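Chemist: Below you'll find the structure I mean.
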Amino acid sequence: RVLFRSVFVKEWPHDRARLEAGHVGGELKQVAHSLKGTLGLFGATPLVELAQRVDGLESRNERTGLGELIATLIDGVEDLIAALRRLEG
């Protein structure tokens, strides 16, 4: 579990960049879907739900509110990572 946490924290900057640019490169659905599973392993249900909403909007090609939703998801993951880092010491 510690190893998984470490990998998630290390990979987050890349995933964040993909989230921020996903609407341009078509990666948004993929990264949101991946985050749903990863965040679920940490029990971060509100973040899982946000990722699911991003995934759903992207699936339906709906853009209304998408930017705000992505920003909220990113902020939430940043908070989670800060908490994980505090656990590491």
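Just so we're on the same page: first chain in the structure tokens is A, next is B, and so on; residues restart at 1 for each chain, and ligands are numbered from 1 in the order they show up.
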Would you mind listing what lies within 12 Å of Gly22 of chain A as a list in words, with only C-alpha atoms counted and same-chain residues fewer than 3 positions away left out?

Modeler: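 Here the qualifying residues turn out to be His14, Asp15, Arg16, Ala17, Arg18, Leu19, Gly25, Gly26, Glu27, Leu28, Lys29, Gln30, Val31, Ala32, Val54, Asp55, Glu58, Leu66, Gly67 and Ile70 of chain A.
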
Chemist: Could you state the separation of atom CA of Phe8 of chain A and atom CA of Thr72 of chain A in Å, given to one decimal place?

Modeler: 18.5 Å

Chemist: Which residue, A:Gly76, A:Gly56, A:Lys10, A:Arg5, has the smallest gap to Ala44 of chain A when you use only C-alpha atoms?

Modeler: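 Using only C-alpha atoms, Ala44 of chain A sits closest to A:Gly76.
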
Chemist: Could you name the residues that touch segment 33-37 of chain A at 8 Å or less, counting only C-alpha atoms, but leaving out those on the same chain fewer than 5 positions away, as a list of chain:residue names?

Modeler: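 Surrounding residues, per the criterion: A:Leu47, A:Val48, A:Glu49, A:Ala51, A:Gln52, A:Asp55.
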
Chemist: Selected residues, N, CA and C atoms, written as an mmCIF file, in the first residue's frame, please.

Modeler:
```cif
data_model
loop_
_atom_site.group_PDB
_atom_site.id
_atom_site.type_symbol
_atom_site.label_atom_id
_atom_site.label_comp_id
_atom_site.auth_asym_id
_atom_site.auth_seq_id
_atom_site.Cartn_x
_atom_site.Cartn_y
_atom_site.Cartn_z
ATOM 1 N N LEU A 47 -14.031 12.329 -4.471
ATOM 2 C CA LEU A 47 -13.169 12.518 -5.648
ATOM 3 C C LEU A 47 -13.498 11.503 -6.731
ATOM 4 N N VAL A 48 -13.832 10.290 -6.331
ATOM 5 C CA VAL A 48 -14.256 9.273 -7.300
ATOM 6 C C VAL A 48 -15.495 9.778 -8.042
ATOM 7 N N GLU A 49 -16.431 10.349 -7.282
ATOM 8 C CA GLU A 49 -17.655 10.863 -7.898
ATOM 9 C C GLU A 49 -17.361 12.017 -8.859
ATOM 10 N N ALA A 51 -14.520 12.452 -10.542
ATOM 11 C CA ALA A 51 -13.895 11.837 -11.722
ATOM 12 C C ALA A 51 -14.952 11.161 -12.583
ATOM 13 N N GLN A 52 -15.932 10.544 -11.935
ATOM 14 C CA GLN A 52 -17.011 9.881 -12.666
ATOM 15 C C GLN A 52 -17.845 10.912 -13.449
ATOM 16 N N ASP A 55 -15.797 11.975 -16.437
ATOM 17 C CA ASP A 55 -15.853 10.871 -17.398
ATOM 18 C C ASP A 55 -17.194 10.875 -18.137
#
```

Chemist: Would you compute the distance between atom CA of Leu69 of chain A and atom CA of Pro46 of chain A? Give it in Å to one decimal.

Modeler: 12.2 Å

Chemist: With only C-alpha atoms as the atoms that count, which of A:Leu50, A:Val2, A:Leu57, A:Leu84 lies nearest to Ala71 of chain A?

Modeler: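 Selected residue with least distance to Ala71 of chain A: A:Leu50.
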
Chemist: Calculated over only C-alpha atoms, which of the candidates A:Ala21, A:Leu39, A:Arg63, A:Leu3 has the smallest distance to Ile81 of chain A?

Modeler: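 Result for the nearest residue to Ile81 of chain A: A:Leu39.
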